[in-house]
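What follows is the content of model39.tsv, which has TSV, C-alpha atoms:
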```
chain	number	residue	atom	x	y	z
A	1	MET	CA	107.20	90.91	124.67
A	2	THR	CA	106.72	94.45	123.40
A	3	PRO	CA	110.02	96.09	122.36
A	4	GLU	CA	111.13	99.47	123.72
A	5	LEU	CA	111.51	102.23	121.16
A	6	ARG	CA	114.58	104.45	121.43
A	7	ARG	CA	113.64	107.34	119.15
A	8	ARG	CA	111.34	110.25	119.69
A	9	ILE	CA	108.38	109.23	117.53
A	10	GLY	CA	105.12	110.96	116.78
A	11	PHE	CA	102.19	108.74	115.80
A	12	GLU	CA	99.21	109.42	113.54
A	13	ILE	CA	96.56	106.71	113.95
A	14	GLU	CA	93.41	106.66	111.82
A	15	LEU	CA	90.22	105.35	113.43
A	16	MET	CA	86.47	105.43	112.80
A	17	ALA	CA	83.84	106.14	115.45
A	18	PRO	CA	80.61	104.12	115.43
A	19	PRO	CA	77.39	105.91	114.41
A	20	GLY	CA	76.30	108.33	117.09
A	21	VAL	CA	79.85	108.77	118.44
A	22	SER	CA	82.39	111.37	117.32
A	23	ARG	CA	85.97	112.44	117.81
A	24	ARG	CA	84.60	115.03	120.26
A	25	THR	CA	83.21	112.11	122.31
A	26	LEU	CA	86.65	110.52	122.44
A	27	ALA	CA	88.31	113.83	123.32
A	28	MET	CA	86.02	114.35	126.30
A	29	ASP	CA	86.48	110.73	127.42
A	30	VAL	CA	90.28	110.82	127.28
A	31	ALA	CA	90.49	114.20	129.01
A	32	GLY	CA	88.03	113.10	131.69
A	33	ARG	CA	90.08	110.02	132.54
A	34	CYS	CA	93.27	112.03	133.17
A	35	GLY	CA	91.71	115.18	134.60
A	36	GLY	CA	92.81	117.08	131.53
A	37	SER	CA	91.20	119.60	129.20
A	38	VAL	CA	89.87	119.82	125.65
A	39	ARG	CA	90.18	122.80	123.30
A	40	PRO	CA	88.59	122.99	119.82
A	41	VAL	CA	91.14	123.60	117.05
A	42	TRP	CA	91.14	123.88	113.27
A	43	HIS	CA	92.59	121.15	111.08
A	44	HIS	CA	93.95	122.23	107.68
A	45	ASP	CA	93.34	119.94	104.69
A	46	SER	CA	92.04	119.92	101.12
A	47	GLU	CA	89.38	118.14	99.10
A	48	PRO	CA	88.43	117.84	95.40
A	49	SER	CA	86.36	120.73	94.08
A	50	LEU	CA	83.12	120.39	92.10
A	51	VAL	CA	83.60	123.89	90.70
A	52	PRO	CA	84.81	123.84	87.04
A	53	GLY	CA	88.38	125.10	86.73
A	54	LEU	CA	89.10	124.79	90.46
A	55	GLY	CA	91.03	121.63	91.21
A	56	ARG	CA	90.56	121.62	94.97
A	57	PHE	CA	89.13	123.45	97.94
A	58	LEU	CA	91.23	124.13	101.00
A	59	HIS	CA	89.29	123.65	104.17
A	60	LEU	CA	89.30	123.95	107.92
A	61	THR	CA	87.58	121.19	109.86
A	62	GLN	CA	86.99	120.86	113.58
A	63	GLY	CA	89.50	119.02	115.72
A	64	PHE	CA	90.22	118.78	119.43
A	65	ASP	CA	93.45	119.40	121.30
A	66	ILE	CA	93.71	117.36	124.52
A	67	ARG	CA	95.98	118.41	127.37
A	68	SER	CA	96.94	116.49	130.49
A	69	ARG	CA	96.18	117.79	133.97
A	70	ASP	CA	99.57	119.58	134.02
A	71	GLY	CA	98.92	121.25	130.65
A	72	SER	CA	101.28	119.07	128.63
A	73	PRO	CA	100.02	117.99	125.17
A	74	LEU	CA	98.42	114.56	125.05
A	75	CYS	CA	97.15	114.41	121.46
A	76	THR	CA	95.01	116.11	118.84
A	77	LEU	CA	91.98	114.45	117.22
A	78	VAL	CA	91.25	115.56	113.64
A	79	ASP	CA	89.32	114.58	110.52
A	80	ASP	CA	90.91	112.67	107.62
A	81	VAL	CA	89.25	113.10	104.22
A	82	THR	CA	90.60	109.76	102.95
A	83	LEU	CA	88.36	107.87	105.39
A	84	LEU	CA	85.08	107.32	103.56
A	85	HIS	CA	84.03	103.67	103.73
A	86	GLY	CA	80.93	103.07	105.84
A	87	LEU	CA	79.93	106.74	106.11
A	88	ASP	CA	76.43	107.80	105.10
A	89	GLN	CA	77.24	110.53	102.59
A	90	ARG	CA	73.61	111.73	102.67
A	91	ALA	CA	73.44	112.13	106.44
A	92	PRO	CA	72.70	115.70	107.52
A	93	ALA	CA	75.19	117.52	109.66
A	94	ILE	CA	74.88	117.19	113.41
A	95	PRO	CA	74.32	120.61	115.02
A	96	GLY	CA	77.64	122.20	115.92
A	97	TRP	CA	79.64	120.46	113.18
A	98	PHE	CA	80.77	122.69	110.30
A	99	ARG	CA	83.74	123.56	108.10
A	100	ILE	CA	85.24	126.56	106.31
A	101	LEU	CA	86.33	126.42	102.66
A	102	THR	CA	88.57	128.74	100.62
A	103	ASP	CA	90.95	128.51	97.65
A	104	ASP	CA	94.12	130.21	98.90
A	105	THR	CA	96.57	128.96	101.52
A	106	ARG	CA	97.19	132.47	102.85
A	107	LEU	CA	93.47	133.04	103.31
A	108	LEU	CA	93.20	129.65	105.01
A	109	ARG	CA	95.80	130.59	107.60
A	110	LEU	CA	94.17	133.98	108.19
A	111	LEU	CA	90.73	132.41	108.58
A	112	ALA	CA	92.13	129.86	111.04
A	113	ALA	CA	93.60	132.68	113.13
A	114	GLN	CA	90.38	134.72	113.18
A	115	CYS	CA	87.54	132.18	113.29
A	116	ASP	CA	86.48	130.11	116.31
A	117	PRO	CA	86.33	126.32	115.74
A	118	GLY	CA	84.19	126.04	118.86
A	119	GLY	CA	81.72	128.72	117.83
A	120	LYS	CA	78.48	128.65	115.85
A	121	LEU	CA	78.17	128.15	112.10
A	122	SER	CA	76.07	131.30	111.76
A	123	GLN	CA	78.77	133.43	113.40
A	124	VAL	CA	82.02	131.70	112.52
A	125	LEU	CA	82.94	134.00	109.62
A	126	ASP	CA	82.02	137.23	111.40
A	127	PRO	CA	85.54	138.02	112.76
A	128	ALA	CA	87.01	137.65	109.27
A	129	ALA	CA	84.22	139.79	107.80
A	130	ARG	CA	85.21	142.63	110.13
A	131	LEU	CA	88.73	142.53	108.68
A	132	TRP	CA	87.37	143.07	105.17
A	133	GLY	CA	84.68	145.52	106.21
A	134	THR	CA	81.87	143.43	104.74
A	135	GLU	CA	79.03	141.29	106.03
A	136	VAL	CA	78.52	137.54	105.79
A	137	GLN	CA	75.73	136.53	103.43
A	138	GLN	CA	73.52	133.50	104.11
A	139	HIS	CA	72.41	131.28	101.22
A	140	GLY	CA	70.29	128.49	102.67
A	141	ARG	CA	72.58	126.57	105.02
A	142	ILE	CA	75.75	128.10	103.50
A	143	TYR	CA	77.39	131.29	104.78
A	144	ARG	CA	79.53	133.24	102.30
A	145	LEU	CA	82.09	135.95	102.91
A	146	ASP	CA	82.95	138.24	99.99
A	147	ASP	CA	85.32	141.18	99.80
A	148	THR	CA	84.15	144.68	98.90
A	149	ALA	CA	84.53	143.88	95.18
A	150	GLY	CA	82.32	140.82	95.44
A	151	ALA	CA	85.07	138.21	95.21
A	152	THR	CA	84.41	135.23	97.48
A	153	ILE	CA	86.87	134.82	100.34
A	154	ALA	CA	85.38	131.85	102.17
A	155	LEU	CA	82.34	129.65	102.64
A	156	ALA	CA	81.15	128.10	105.88
A	157	SER	CA	78.91	125.08	105.63
A	158	PRO	CA	77.53	122.25	107.78
A	159	ALA	CA	79.80	119.18	107.93
A	160	GLY	CA	77.39	116.46	106.85
A	161	GLY	CA	78.02	112.95	105.62
A	162	GLU	CA	78.99	111.80	109.14
A	163	ARG	CA	82.28	113.68	108.96
A	164	GLU	CA	82.30	113.79	112.77
A	165	ARG	CA	83.09	110.04	112.82
A	166	PRO	CA	86.57	109.87	111.16
A	167	CYS	CA	89.27	110.43	113.76
A	168	GLU	CA	93.01	110.70	113.30
A	169	ILE	CA	94.85	110.63	116.61
A	170	VAL	CA	97.97	112.80	116.33
A	171	THR	CA	100.42	112.50	119.23
A	172	PRO	CA	103.29	114.83	120.08
A	173	PRO	CA	106.78	113.33	119.75
A	174	LEU	CA	107.03	110.62	122.39
A	175	ALA	CA	110.48	110.04	123.88
A	176	VAL	CA	109.71	107.23	126.36
A	177	ASN	CA	106.89	104.87	127.32
A	178	HIS	CA	105.50	104.81	123.80
A	179	ARG	CA	103.22	101.85	124.38
A	180	ALA	CA	101.74	103.25	127.58
A	181	ALA	CA	101.08	106.58	125.86
A	182	LEU	CA	99.27	104.87	122.98
A	183	ALA	CA	97.29	102.64	125.35
A	184	GLU	CA	96.06	105.76	127.19
A	185	LEU	CA	94.46	106.90	123.92
A	186	LEU	CA	93.54	103.68	122.14
A	187	GLY	CA	92.02	101.94	125.16
A	188	PRO	CA	89.25	104.54	125.53
A	189	ALA	CA	88.75	104.56	121.74
A	190	ALA	CA	88.20	100.81	121.68
A	191	GLY	CA	85.88	101.08	124.67
A	192	LEU	CA	83.72	103.59	122.78
A	193	GLY	CA	83.48	101.28	119.78
A	194	PHE	CA	86.03	102.92	117.50
A	195	THR	CA	87.36	100.59	114.81
A	196	VAL	CA	90.07	100.50	112.16
A	197	PRO	CA	88.67	101.98	108.91
A	198	ARG	CA	89.05	100.13	105.63
A	199	GLU	CA	91.40	102.82	104.26
A	200	ALA	CA	93.37	103.26	107.48
A	201	ALA	CA	97.10	103.67	108.05
A	202	VAL	CA	99.41	104.50	110.92
A	203	HIS	CA	102.06	107.12	110.21
A	204	LEU	CA	105.30	107.54	112.14
A	205	HIS	CA	107.16	110.85	112.41
A	206	VAL	CA	110.84	110.52	113.36
A	207	ASP	CA	113.44	113.25	113.80
A	208	GLY	CA	114.56	114.42	110.37
A	209	ALA	CA	117.92	115.90	111.44
A	210	PRO	CA	120.01	112.70	111.01
A	211	PHE	CA	118.63	112.25	107.49
A	212	ARG	CA	119.75	115.64	106.27
A	213	ALA	CA	123.18	114.11	105.68
A	214	PRO	CA	123.17	113.12	101.98
A	215	ALA	CA	124.51	109.60	102.62
A	216	ALA	CA	121.75	108.84	105.15
A	217	LEU	CA	119.08	110.39	102.95
A	218	ALA	CA	120.27	108.41	99.94
A	219	ASN	CA	120.10	105.20	101.98
A	220	LEU	CA	116.58	106.06	103.05
A	221	VAL	CA	115.58	106.45	99.40
A	222	ARG	CA	117.29	103.14	98.56
A	223	LEU	CA	115.49	101.34	101.39
A	224	PHE	CA	112.03	102.45	100.28
A	225	ALA	CA	112.78	102.05	96.57
A	226	TYR	CA	114.74	98.78	96.44
A	227	TYR	CA	112.67	97.05	99.13
A	228	ARG	CA	109.25	98.57	98.46
A	229	GLU	CA	107.36	95.30	98.01
A	230	ALA	CA	109.29	93.57	100.79
A	231	LEU	CA	108.44	96.38	103.21
A	232	ARG	CA	104.80	96.24	102.24
A	233	GLU	CA	104.75	92.47	102.80
A	234	VAL	CA	106.54	92.53	106.15
A	235	LEU	CA	104.54	95.47	107.51
A	236	ALA	CA	101.23	94.27	105.98
A	237	THR	CA	100.61	97.63	104.30
A	238	ASN	CA	96.92	98.23	103.72
A	239	PRO	CA	96.16	97.98	99.95
A	240	ALA	CA	93.11	100.20	100.43
A	241	CYS	CA	95.18	103.01	101.97
A	242	ARG	CA	95.15	106.14	99.82
A	243	ARG	CA	97.88	108.67	99.11
A	244	LEU	CA	100.74	106.17	98.83
A	245	ALA	CA	103.09	105.85	95.88
A	246	PRO	CA	106.60	104.60	95.03
A	247	LEU	CA	109.30	107.25	95.22
A	248	PRO	CA	109.72	109.11	91.90
A	249	GLU	CA	112.12	107.65	89.37
A	250	PRO	CA	114.50	110.67	89.14
A	251	LEU	CA	115.13	110.41	92.88
A	252	VAL	CA	115.69	106.65	92.71
A	253	THR	CA	118.07	107.10	89.77
A	254	ALA	CA	120.04	109.73	91.69
A	255	VAL	CA	120.85	107.37	94.58
A	256	ALA	CA	122.50	104.86	92.26
A	257	GLY	CA	125.59	107.02	92.79
A	258	THR	CA	126.70	109.18	95.72
A	259	PRO	CA	124.53	112.27	95.32
A	260	THR	CA	124.98	115.55	97.12
A	261	THR	CA	122.15	117.25	98.95
A	262	ASP	CA	121.66	119.65	96.04
A	263	GLU	CA	121.48	116.74	93.60
A	264	LEU	CA	118.91	114.97	95.76
A	265	ARG	CA	116.81	118.13	95.97
A	266	LYS	CA	116.91	118.58	92.21
A	267	ALA	CA	115.96	114.95	91.61
A	268	ALA	CA	113.07	115.26	94.06
A	269	ALA	CA	111.84	118.39	92.29
A	270	ASP	CA	112.20	116.78	88.86
A	271	GLY	CA	110.14	113.84	90.08
A	272	GLY	CA	107.38	115.96	91.59
A	273	LEU	CA	107.95	114.72	95.12
A	274	THR	CA	105.16	115.52	97.60
A	275	LYS	CA	104.27	114.14	101.01
A	276	PHE	CA	101.95	111.56	99.49
A	277	PHE	CA	104.50	108.80	98.87
A	278	ASP	CA	105.40	105.70	100.90
A	279	VAL	CA	107.79	107.89	102.89
A	280	ASN	CA	107.45	111.65	103.20
A	281	LEU	CA	110.88	113.21	102.61
A	282	THR	CA	109.73	116.73	101.82
A	283	GLN	CA	110.74	118.21	105.17
A	284	VAL	CA	114.35	117.00	105.01
A	285	LEU	CA	114.75	118.31	101.46
A	286	THR	CA	114.19	121.94	102.44
A	287	ASP	CA	116.00	124.44	104.64
A	288	THR	CA	112.69	125.72	106.02
A	289	PRO	CA	110.76	122.67	107.25
A	290	LEU	CA	107.34	123.11	108.82
A	291	ARG	CA	107.83	119.92	110.82
A	292	ASP	CA	111.41	118.60	110.69
A	293	THR	CA	110.60	114.91	110.43
A	294	VAL	CA	110.71	111.91	108.14
A	295	GLU	CA	107.21	110.48	107.93
A	296	ILE	CA	106.80	106.73	107.40
A	297	ARG	CA	103.38	106.23	105.81
A	298	ILE	CA	103.10	102.51	105.00
A	299	LEU	CA	102.13	100.97	108.32
A	300	PRO	CA	98.62	99.51	108.28
A	301	GLY	CA	95.80	100.78	110.43
A	302	ALA	CA	95.64	99.39	113.96
A	303	ILE	CA	94.01	100.03	117.31
A	304	ASP	CA	96.20	97.60	119.30
A	305	PRO	CA	99.20	99.44	120.84
A	306	ASP	CA	101.35	96.30	120.69
A	307	GLU	CA	100.82	95.91	116.93
A	308	ILE	CA	101.83	99.52	116.36
A	309	ILE	CA	104.91	99.33	118.57
A	310	HIS	CA	106.17	96.07	117.04
A	311	ARG	CA	106.01	97.52	113.52
A	312	ALA	CA	107.56	100.79	114.68
A	313	ALA	CA	110.43	98.84	116.24
A	314	LEU	CA	111.19	97.18	112.90
A	315	ILE	CA	111.16	100.57	111.17
A	316	GLU	CA	113.51	101.90	113.84
A	317	LEU	CA	116.06	99.16	113.13
A	318	LEU	CA	115.90	99.81	109.39
A	319	LEU	CA	116.37	103.53	109.97
A	320	ASP	CA	119.48	102.69	112.00
A	321	ARG	CA	120.81	100.86	108.96
A	322	CYS	CA	120.16	103.93	106.81
A	323	LEU	CA	122.50	105.93	109.07
A	324	ASP	CA	125.34	103.52	108.30
A	325	PRO	CA	127.38	105.22	105.53
A	326	ALA	CA	127.65	101.96	103.57
A	327	PRO	CA	125.14	102.17	100.69
A	328	ILE	CA	122.12	99.88	100.90
A	329	ARG	CA	122.21	97.55	97.91
A	330	PRO	CA	119.26	96.05	96.05
A	331	PRO	CA	118.54	92.40	96.89
A	332	GLU	CA	120.60	90.04	94.78
A	333	ASP	CA	117.50	87.97	94.19
A	334	PRO	CA	114.10	89.73	94.25
A	335	ALA	CA	112.58	86.53	95.64
A	336	SER	CA	114.76	86.90	98.73
A	337	ALA	CA	114.04	90.59	99.32
A	338	VAL	CA	112.06	89.95	102.50
A	339	GLU	CA	114.83	87.79	103.93
A	340	THR	CA	117.45	90.41	103.04
A	341	LEU	CA	115.34	93.15	104.63
A	342	LEU	CA	114.98	91.22	107.88
A	343	GLU	CA	118.72	90.50	107.89
A	344	MET	CA	119.39	94.23	107.68
A	345	ALA	CA	117.14	94.79	110.68
A	346	ALA	CA	118.82	91.98	112.62
A	347	GLN	CA	122.28	93.40	111.92
A	348	SER	CA	121.17	96.78	113.31
A	349	LEU	CA	119.88	95.01	116.41
A	350	ASP	CA	123.34	93.55	117.01
A	351	LEU	CA	125.11	96.91	116.78
```

Output the file's structure as structure tokens, nothing else.
Amino acid sequence: MTPELRRRIGFEIELMAPPGVSRRTLAMDVAGRCGGSVRPVWHHDSEPSLVPGLGRFLHLTQGFDIRSRDGSPLCTLVDDVTLLHGLDQRAPAIPGWFRILTDDTRLLRLLAAQCDPGGKLSQVLDPAARLWGTEVQQHGRIYRLDDTAGATIALASPAGGERERPCEIVTPPLAVNHRAALAELLGPAAGLGFTVPREAAVHLHVDGAPFRAPAALANLVRLFAYYREALREVLATNPACRRLAPLPEPLVTAVAGTPTTDELRKAAADGGLTKFFDVNLTQVLTDTPLRDTVEIRILPGAIDPDEIIHRAALIELLLDRCLDPAPIRPPEDPASAVETLLEMAAQSLDL
């Protein structure tokens, strides 16, 4: 029996389309089934740079926002640069698939506001060029926008290497009927031949507000630090999943006591905390969150709604325990960590 989730939860589910199919295909299929609509959108991300002295490029890639018949958000389908296995890196870009690259976050946001993700590669930078009073220059298949002093602002290039196939399904926060909502998206994906990529994960976004209290936040750190291996065993975390790491040592050391919010923020800064850990706490450690959630990142990839909901239900029970002011203690015996973890979940179920 599939459990009912009580929290508002947003899901991010990583899938891979078969050759010849894309996330646009899935967007049109899902929208067609519900009488909804599809709108091209930009997805913001970054990738390693091959330019000496430049650590990374920021880029905009093409995604698709799907709305139900009544206009309510259903999901967004976007690329995920960590999904690489099985892609033909030498494959030429399919017509209509392209990306924009720059090296400044402010420029990235401006480009996203000015450029049309549903337009043509040859014209996509033109609106931004008008802002700078320059013209886009073509160099082979690459389009380059410089400012009046000749400094490069952005590049637009074909999105080759089968980058149309990776597909991360991003749902809005779901308050009820979580399984049915996921089935509405994952059923069509499975029917089109989408599969779970080798590097895949499922991420959960839960409301961050309860975890702004220092006692709850400290318990959350304790849970993911003291029971890291037990969580990975129980949830079957994908060892091939990228961008996961144990929480930084200064933060773990801080929760040995009863830290204040300021102390937790300092410890997180000292440890170089980013979003790319087992749990993303960055948004509850700032007064100006972009998305006020705690993001659980260690669930394995899946395309079966029941698998996703069952694991999410376990996480929900453990999050309930984190809200109990009593500090979570390390397991007395590391060999019994899994048993202790499941006991914590069971105790929350009885509350």

*Pick out the residues sitting within 10 Å of Arg232 (chain A), and hand them over as number ranges by chain; count only C-alpha atoms, and ignore anything fewer than 3 positions along from it in its own chain.*
A: 224, 227-229, 235-239, 278, 298-300, 338

Up to 8 Å from (109.0, 95.7, 121.0) in the file's coordinates: name the residues, counting all atoms listed in the file, as a CSV table (one decimal) with C-alpha atoms, in the frame of the given file.
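What follows is the written file out-v8.csv:
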```csv
chain,number,residue,atom,x,y,z
A,1,MET,CA,107.2,90.9,124.7
A,2,THR,CA,106.7,94.4,123.4
A,3,PRO,CA,110.0,96.1,122.4
A,4,GLU,CA,111.1,99.5,123.7
A,5,LEU,CA,111.5,102.2,121.2
A,306,ASP,CA,101.4,96.3,120.7
A,309,ILE,CA,104.9,99.3,118.6
A,310,HIS,CA,106.2,96.1,117.0
A,313,ALA,CA,110.4,98.8,116.2
```

*asked:* Give me, as a ChimeraX atom specification, all polymer residues having an atom no more than 7 Å from Ala200 (chain A), counting all atoms listed in the file and skipping those fewer than 3 positions away in the same chain.
replied: /A:14,196-197,241,300-301

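Nearest to Asp103 (chain A) of all the residues A:Ser46, A:Gln347, A:Ser37, A:Asn177 is A:Ser46, counting all atoms listed in the file.
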
*Of the candidates A:Val221, A:Ala201, A:His59, A:Gly96, which shows the shortest atom-to-atom distance to Glu47 (chain A), using all atoms listed in the file?*
A:His59

*Could you list as an MDAnalysis selection string every residue that has an atom within 9 Å of (98.1, 122.4, 105.1), using the file's coordinates and counting only C-alpha atoms?*
chainID A and resid 43:46 58:59 105 108:109

For the residues selected in the previous step, produce a file with C-alpha atoms as an mmCIF file, in the coordinates of the input.
```cif
data_model
loop_
_atom_site.group_PDB
_atom_site.id
_atom_site.type_symbol
_atom_site.label_atom_id
_atom_site.label_comp_id
_atom_site.auth_asym_id
_atom_site.auth_seq_id
_atom_site.Cartn_x
_atom_site.Cartn_y
_atom_site.Cartn_z
ATOM 1 C CA HIS A 43 92.590 121.150 111.080
ATOM 2 C CA HIS A 44 93.950 122.230 107.680
ATOM 3 C CA ASP A 45 93.340 119.940 104.690
ATOM 4 C CA SER A 46 92.040 119.920 101.120
ATOM 5 C CA LEU A 58 91.230 124.130 101.000
ATOM 6 C CA HIS A 59 89.290 123.650 104.170
ATOM 7 C CA THR A 105 96.570 128.960 101.520
ATOM 8 C CA LEU A 108 93.200 129.650 105.010
ATOM 9 C CA ARG A 109 95.800 130.590 107.600
#
```

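Closest approach to Ala156 (chain A) among A:Ile94, A:Ile142, A:Val234, A:Leu15 is made by A:Ile142 (distances from all atoms listed in the file).
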
Find the residues of region 140-255 of chain A that sit at most 8 Å from region 281-291 of chain A; for each, write down the nearest two atoms and how far apart they are in Å, to one decimal. Count only C-alpha atoms. Sort by chain, then by number going up, and give it as a tab-separated table.
```
residue	atom	partner	partner_atom	distance
A:Gly208	CA	A:Val284	CA	6.0
A:Ala209	CA	A:Val284	CA	7.4
A:Phe211	CA	A:Val284	CA	6.9
A:Arg212	CA	A:Val284	CA	5.7
```

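Nearest residue to Gly133 (chain A), choosing from A:Ala149, A:Leu121, A:Val41, A:Ile296 and counting all atoms listed in the file: A:Ala149.
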
*Neighbours of Ala245 (chain A) within 10 Å (only C-alpha atoms; same-chain residues fewer than 3 positions away dropped), as a PyMOL selection string?*
chain A and resi 228+242+248+275-279+297-298

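Proximity to Leu319 (chain A) was assessed for A:Asp79, A:Glu168, A:Arg7, A:Ala159 counting all atoms listed in the file; the smallest distance is recorded for A:Arg7.
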
*Of the candidates A:Leu125, A:Ala189, A:Leu83, A:Cys75, which one gets nearest to Phe98 (chain A) if we count all atoms listed in the file?*
A:Leu125

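CA of Pro325 (chain A) to CA of Val255 (chain A) spans 12.9 Å [interatomic distance, one decimal].
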
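Rounded to one decimal, CA of Leu185 (chain A) and CA of Val206 (chain A) lie 19.8 Å from each other.
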
All residues 12 Å or closer to Thr148 (chain A), all atoms listed in the file, same chain fewer than 4 positions away omitted, as a short mmCIF file (atom, residue, chain, number, x, y, z; two decimals) with C-alpha atoms, in the coordinates of the input:
```
data_model
loop_
_atom_site.label_atom_id
_atom_site.label_comp_id
_atom_site.auth_asym_id
_atom_site.auth_seq_id
_atom_site.Cartn_x
_atom_site.Cartn_y
_atom_site.Cartn_z
CA ALA A 129 84.22 139.79 107.80
CA ARG A 130 85.21 142.63 110.13
CA LEU A 131 88.73 142.53 108.68
CA TRP A 132 87.37 143.07 105.17
CA GLY A 133 84.68 145.52 106.21
CA THR A 134 81.87 143.43 104.74
CA GLU A 135 79.03 141.29 106.03
CA VAL A 136 78.52 137.54 105.79
CA THR A 152 84.41 135.23 97.48
CA ILE A 153 86.87 134.82 100.34
#
```

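Atom to atom, CA of Asp262 (chain A) and CA of Pro214 (chain A) stand 9.0 Å apart.
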
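Residue neighbourhood of region 180-182 of chain A, excluding near-sequence residues (fewer than 3 positions): Phe11, Leu74, Thr171, Leu174, Val176, Asn177, Leu185, Leu186, Gly187, Asp304, Pro305 and Ile308 of chain A, at 9 Å, using all atoms listed in the file.
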